[in-house]
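K.L.:
Okay, here's the structure, questions in a sec.
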Amino acid sequence: MQLKNSIRCSSMIAICLFLSACNEAAVKTEGPHVKEVGFESLAKSDIGVVMEIHVEEARICLRTLMEKLYKRNPRELKKSSFPTAEENVDRLFEQKHDWVFPELDGKIGIDAIRLTFTNDYKGDRVFAFISGLSSMIMASYGYKREFFLFDSAEPQNLYNSARNIEIAVWKLGHNYDENDELYLYSNSLPGEVVNLSYERQFGKLIALQDTMAIIVAGKTSRTLIKIVQRMVTAVFLPVF
């Protein structure tokens with residue numbers, strides 16, 4: 001009986017390791033979320049399930065923001081090789097890719113966000129902005145959307161990404177181009193009907209990252225280094 005129990009235990013460990021290895025093979029790729037391996041519940045912890053939920057909720061927020069920004073900034077579609085908002089949303093959230101898009105000159109994460117607010121950049125700023133935010137957030141989760149027993153995330157990266165979203169949102173409403181126009185329009189301007197729907201989505205995105213940072217830090221007994229910056233002079237924090 002003891003031998004059988006030992007064999008059963010060894011088999012379970014082997015299955016967990018196999019599933020974890022399968023998950024590692026998907027690092028830094030994006031696209032449709034398809035479960036190809038069964039018995040997932042046997043190899044996932046409670047915190048892993050919570051991280052998966054947070055990742056998917058963040059992706060929903062980002063997708064919503066991308067659609068809304070295209071409606072608010074139709075001029076950006078004219079700069080894209082893909083003429084409709086649906087095509088651009090689809091290639092970012094549905095198609096397989098490694099986050100490297102030719103129109104962004106190979107820039108991802110923070111660098112892609114910065115590109116949005118650069119005068120010399122002549123491409124689609126909506127795509128640059130949301131692609132940058134998306135890849136930064138996915139980097140904070142190790143580019144994973146499924147988490148097994150031996151998977152985790154670095155809480156400082158989660159925390160830093162939340163602060164970076166705050167900086168990006170501030171730039172969205174305060175950075176002007178050489179023609180004294182906002183690089184991207186979001187919340188309503190003076191004289192327009194009040195529209196705070198962007199603010200709500202960004203707030204939810206920040207809350208998701210902050211909450212997950214606290215959960216992971218508590219679970220792993222790590223200390224978060226909290227950083228306070230003035231928005232006018234704030235710099236993006238590293239996420240890797």
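Here's how to read the names in the structure tokens: chain A, B, ... by the order shown, residue numbers from 1 in each chain, ligand numbers from 1 in the order shown.
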Go through region 41-139 of chain A and flag each residue having an atom no more than 8 Å from region 144-151 of chain A; for those, report the closest pair of atoms plus their distance in Å to one decimal, using only C-alpha atoms, ordered by chain and rising number, as a Markdown table.

P.N.:
| residue | atom | partner | partner_atom | distance |
| --- | --- | --- | --- | --- |
| A:Ala43 | CA | A:Phe148 | CA | 5.4 |
| A:Lys44 | CA | A:Phe148 | CA | 4.4 |
| A:Ser45 | CA | A:Leu149 | CA | 5.5 |
| A:Gly48 | CA | A:Phe147 | CA | 4.8 |
| A:Val49 | CA | A:Phe147 | CA | 7.0 |
| A:Met51 | CA | A:Phe147 | CA | 7.3 |
| A:Glu52 | CA | A:Arg145 | CA | 5.8 |
| A:Val55 | CA | A:Arg145 | CA | 6.4 |
| A:Glu56 | CA | A:Arg145 | CA | 7.6 |
| A:Met138 | CA | A:Lys144 | CA | 6.8 |

K.L.:
For the selection just defined, write its residues with C-alpha atoms to a file, as a PDB file, in the first residue's frame.

P.N.:
ATOM      1  CA  ALA A  43      -2.011  21.466 -11.158  1.00  0.00           C
ATOM      2  CA  LYS A  44      -3.289  24.899 -10.112  1.00  0.00           C
ATOM      3  CA  SER A  45      -3.253  26.654  -6.777  1.00  0.00           C
ATOM      4  CA  GLY A  48      -2.890  30.760  -9.731  1.00  0.00           C
ATOM      5  CA  VAL A  49      -6.612  30.843 -10.459  1.00  0.00           C
ATOM      6  CA  MET A  51      -3.971  35.536 -11.262  1.00  0.00           C
ATOM      7  CA  GLU A  52      -5.679  34.063 -14.316  1.00  0.00           C
ATOM      8  CA  VAL A  55      -5.098  38.742 -16.370  1.00  0.00           C
ATOM      9  CA  GLU A  56      -8.326  38.152 -18.279  1.00  0.00           C
ATOM     10  CA  MET A 138       1.646  40.784 -19.543  1.00  0.00           C
TER      11      MET A 138
END

K.L.:
Find the residues around Glu178 (chain A) up to 10 Å (only C-alpha atoms counted), leave out those fewer than 3 positions away in its own chain, and share them as an NGL selection string.

P.N.:
:A and (118-120 or 181-183)

K.L.:
How would the residues just chosen look if you wrote them out with N, CA and C atoms as a PDB file, in the first residue's frame?

P.N.:
ATOM      1  N   THR A 118       5.566  60.819 -28.759  1.00  0.00           N
ATOM      2  CA  THR A 118       6.757  61.319 -29.440  1.00  0.00           C
ATOM      3  C   THR A 118       6.350  62.029 -30.721  1.00  0.00           C
ATOM      4  N   ASN A 119       6.792  63.261 -30.896  1.00  0.00           N
ATOM      5  CA  ASN A 119       6.425  64.040 -32.082  1.00  0.00           C
ATOM      6  C   ASN A 119       6.826  63.372 -33.382  1.00  0.00           C
ATOM      7  N   ASP A 120       7.973  62.748 -33.395  1.00  0.00           N
ATOM      8  CA  ASP A 120       8.500  62.161 -34.629  1.00  0.00           C
ATOM      9  C   ASP A 120       7.737  60.914 -35.069  1.00  0.00           C
ATOM     10  N   GLU A 181      -2.012  70.110 -29.783  1.00  0.00           N
ATOM     11  CA  GLU A 181      -3.147  69.202 -29.652  1.00  0.00           C
ATOM     12  C   GLU A 181      -2.723  67.992 -28.830  1.00  0.00           C
ATOM     13  N   LEU A 182      -3.676  67.412 -28.099  1.00  0.00           N
ATOM     14  CA  LEU A 182      -3.369  66.181 -27.372  1.00  0.00           C
ATOM     15  C   LEU A 182      -2.994  65.095 -28.370  1.00  0.00           C
ATOM     16  N   TYR A 183      -2.018  64.276 -27.998  1.00  0.00           N
ATOM     17  CA  TYR A 183      -1.620  63.180 -28.892  1.00  0.00           C
ATOM     18  C   TYR A 183      -2.791  62.224 -29.116  1.00  0.00           C
TER      19      TYR A 183
END

K.L.:
What is the CA of Arg72 (chain A) to CA of Ser186 (chain A) distance in Å?

P.N.:
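For CA of Arg72 (chain A) relative to CA of Ser186 (chain A), the distance reads 6.6 Å.
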
K.L.:
Could you list, with a cut-off of 8 Å and counting only C-alpha atoms, the residues of region 118-200 of chain A near region 206-225 of chain A, each shown with its nearest atom pair and the distance in Å rounded to one decimal, rows sorted by chain and ascending number, as CSV?

P.N.:
residue,atom,partner,partner_atom,distance
A:Ser152,CA,A:Val216,CA,7.9
A:Ala153,CA,A:Val216,CA,7.1
A:Glu154,CA,A:Val216,CA,7.6
A:Pro155,CA,A:Ala213,CA,4.5
A:Gln156,CA,A:Leu224,CA,5.8
A:Asn157,CA,A:Ala213,CA,7.9
A:Leu158,CA,A:Ala213,CA,5.1
A:Tyr159,CA,A:Ala213,CA,5.5
A:Ser161,CA,A:Gln209,CA,7.0
A:Ala162,CA,A:Ile206,CA,4.9
A:Arg163,CA,A:Ile206,CA,7.7
A:Ile165,CA,A:Ile206,CA,6.6
A:Glu166,CA,A:Ile206,CA,7.3

K.L.:
If you count only C-alpha atoms, which residues fall within 9 Å of Leu133 (chain A), apart from same-chain ones fewer than 5 positions away, as an MDAnalysis selection string?

P.N.:
chainID A and resid 62 108:110 112:113 128 138 161 164:165 168

K.L.:
Taking N, CA and C atoms for each residue, export the selection above as a PDB file, in the first residue's frame.

P.N.:
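In the end it all went to result-v4.pdb:
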ATOM      1  N   LEU A  62      -8.393  46.497 -21.424  1.00  0.00           N
ATOM      2  CA  LEU A  62      -7.537  47.017 -22.486  1.00  0.00           C
ATOM      3  C   LEU A  62      -8.236  46.975 -23.840  1.00  0.00           C
ATOM      4  N   ILE A 108       8.299  47.524 -27.380  1.00  0.00           N
ATOM      5  CA  ILE A 108       7.196  46.944 -26.616  1.00  0.00           C
ATOM      6  C   ILE A 108       7.153  47.591 -25.231  1.00  0.00           C
ATOM      7  N   GLY A 109       6.082  47.332 -24.492  1.00  0.00           N
ATOM      8  CA  GLY A 109       5.991  47.811 -23.114  1.00  0.00           C
ATOM      9  C   GLY A 109       6.136  49.318 -22.990  1.00  0.00           C
ATOM     10  N   ILE A 110       6.952  49.731 -22.037  1.00  0.00           N
ATOM     11  CA  ILE A 110       7.147  51.148 -21.737  1.00  0.00           C
ATOM     12  C   ILE A 110       7.631  51.928 -22.963  1.00  0.00           C
ATOM     13  N   ALA A 112       6.981  51.364 -26.083  1.00  0.00           N
ATOM     14  CA  ALA A 112       5.860  51.585 -27.006  1.00  0.00           C
ATOM     15  C   ALA A 112       4.941  52.678 -26.482  1.00  0.00           C
ATOM     16  N   ILE A 113       4.752  52.718 -25.167  1.00  0.00           N
ATOM     17  CA  ILE A 113       3.935  53.788 -24.575  1.00  0.00           C
ATOM     18  C   ILE A 113       4.591  55.144 -24.831  1.00  0.00           C
ATOM     19  N   ALA A 128      -0.088  51.882 -30.684  1.00  0.00           N
ATOM     20  CA  ALA A 128       1.152  51.959 -29.904  1.00  0.00           C
ATOM     21  C   ALA A 128       0.846  52.017 -28.405  1.00  0.00           C
ATOM     22  N   MET A 138       1.347  42.214 -19.381  1.00  0.00           N
ATOM     23  CA  MET A 138       1.646  40.784 -19.543  1.00  0.00           C
ATOM     24  C   MET A 138       3.054  40.469 -19.047  1.00  0.00           C
ATOM     25  N   SER A 161       3.801  48.267 -12.593  1.00  0.00           N
ATOM     26  CA  SER A 161       2.944  48.408 -13.768  1.00  0.00           C
ATOM     27  C   SER A 161       1.728  49.288 -13.444  1.00  0.00           C
ATOM     28  N   ASN A 164       2.863  52.796 -13.576  1.00  0.00           N
ATOM     29  CA  ASN A 164       3.101  53.183 -14.971  1.00  0.00           C
ATOM     30  C   ASN A 164       1.797  53.492 -15.699  1.00  0.00           C
ATOM     31  N   ILE A 165       0.745  52.751 -15.372  1.00  0.00           N
ATOM     32  CA  ILE A 165      -0.564  53.041 -15.973  1.00  0.00           C
ATOM     33  C   ILE A 165      -1.007  54.438 -15.553  1.00  0.00           C
ATOM     34  N   ALA A 168       0.884  56.901 -17.625  1.00  0.00           N
ATOM     35  CA  ALA A 168       0.397  56.891 -19.007  1.00  0.00           C
ATOM     36  C   ALA A 168      -0.925  57.632 -19.128  1.00  0.00           C
TER      37      ALA A 168
END

K.L.:
Give the helix (DSSP H, G or I) residues of region 118-166 of chain A, as DSSP finds them on the backbone, and put them as a PyMOL selection string.

P.N.:
chain A and resi 125-140+155-166

K.L.:
State, in Å with one decimal place, the distance from CA of Arg63 (chain A) to CA of Ser81 (chain A).

P.N.:
19.2 Å

K.L.:
Between A:Glu199, A:Val228, A:Arg75, A:Ile137, which one has atoms that come closest to Glu57 (chain A), using only C-alpha atoms?

P.N.:
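Of A:Glu199, A:Val228, A:Arg75, A:Ile137, the one nearest Glu57 (chain A), counting only C-alpha atoms, is A:Ile137.
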
K.L.:
Pick from A:Leu92, A:Leu196, A:Leu189, A:Val100: nearest to Glu67 (chain A), with only C-alpha atoms counted?

P.N.:
A:Leu92

K.L.:
By how many Å are CA of Asp124 (chain A) and CA of Asn175 (chain A) apart?

P.N.:
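So the answer is 16.5 Å.
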
K.L.:
Report as a list in words all protein, DNA and RNA residues lying within 7 Å of region 83-86 of chain A, evaluated on only C-alpha atoms, omitting residues in the same chain fewer than 4 positions from it.

P.N.:
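Near region 83-86 of chain A, the qualifying residues are Glu67, Tyr70, Leu77, Lys78 and Asp90 of chain A.
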
K.L.:
Go ahead and save the residues from that selection, with N, CA and C atoms, as a PDB file, in the first residue's frame.

P.N.:
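This went into selection.pdb:
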ATOM      1  N   GLU A  67     -10.969  49.991 -28.267  1.00  0.00           N
ATOM      2  CA  GLU A  67     -12.146  50.272 -29.094  1.00  0.00           C
ATOM      3  C   GLU A  67     -12.626  51.703 -28.887  1.00  0.00           C
ATOM      4  N   TYR A  70     -10.198  54.324 -30.476  1.00  0.00           N
ATOM      5  CA  TYR A  70     -10.338  54.427 -31.931  1.00  0.00           C
ATOM      6  C   TYR A  70     -11.566  55.257 -32.306  1.00  0.00           C
ATOM      7  N   LEU A  77      -6.594  55.703 -37.313  1.00  0.00           N
ATOM      8  CA  LEU A  77      -6.805  54.575 -38.223  1.00  0.00           C
ATOM      9  C   LEU A  77      -6.252  54.868 -39.619  1.00  0.00           C
ATOM     10  N   LYS A  78      -6.253  56.142 -39.988  1.00  0.00           N
ATOM     11  CA  LYS A  78      -5.739  56.521 -41.305  1.00  0.00           C
ATOM     12  C   LYS A  78      -4.234  56.281 -41.418  1.00  0.00           C
ATOM     13  N   ASP A  90      -8.313  42.857 -33.250  1.00  0.00           N
ATOM     14  CA  ASP A  90      -8.181  41.415 -33.474  1.00  0.00           C
ATOM     15  C   ASP A  90      -6.723  40.974 -33.502  1.00  0.00           C
TER      16      ASP A  90
END
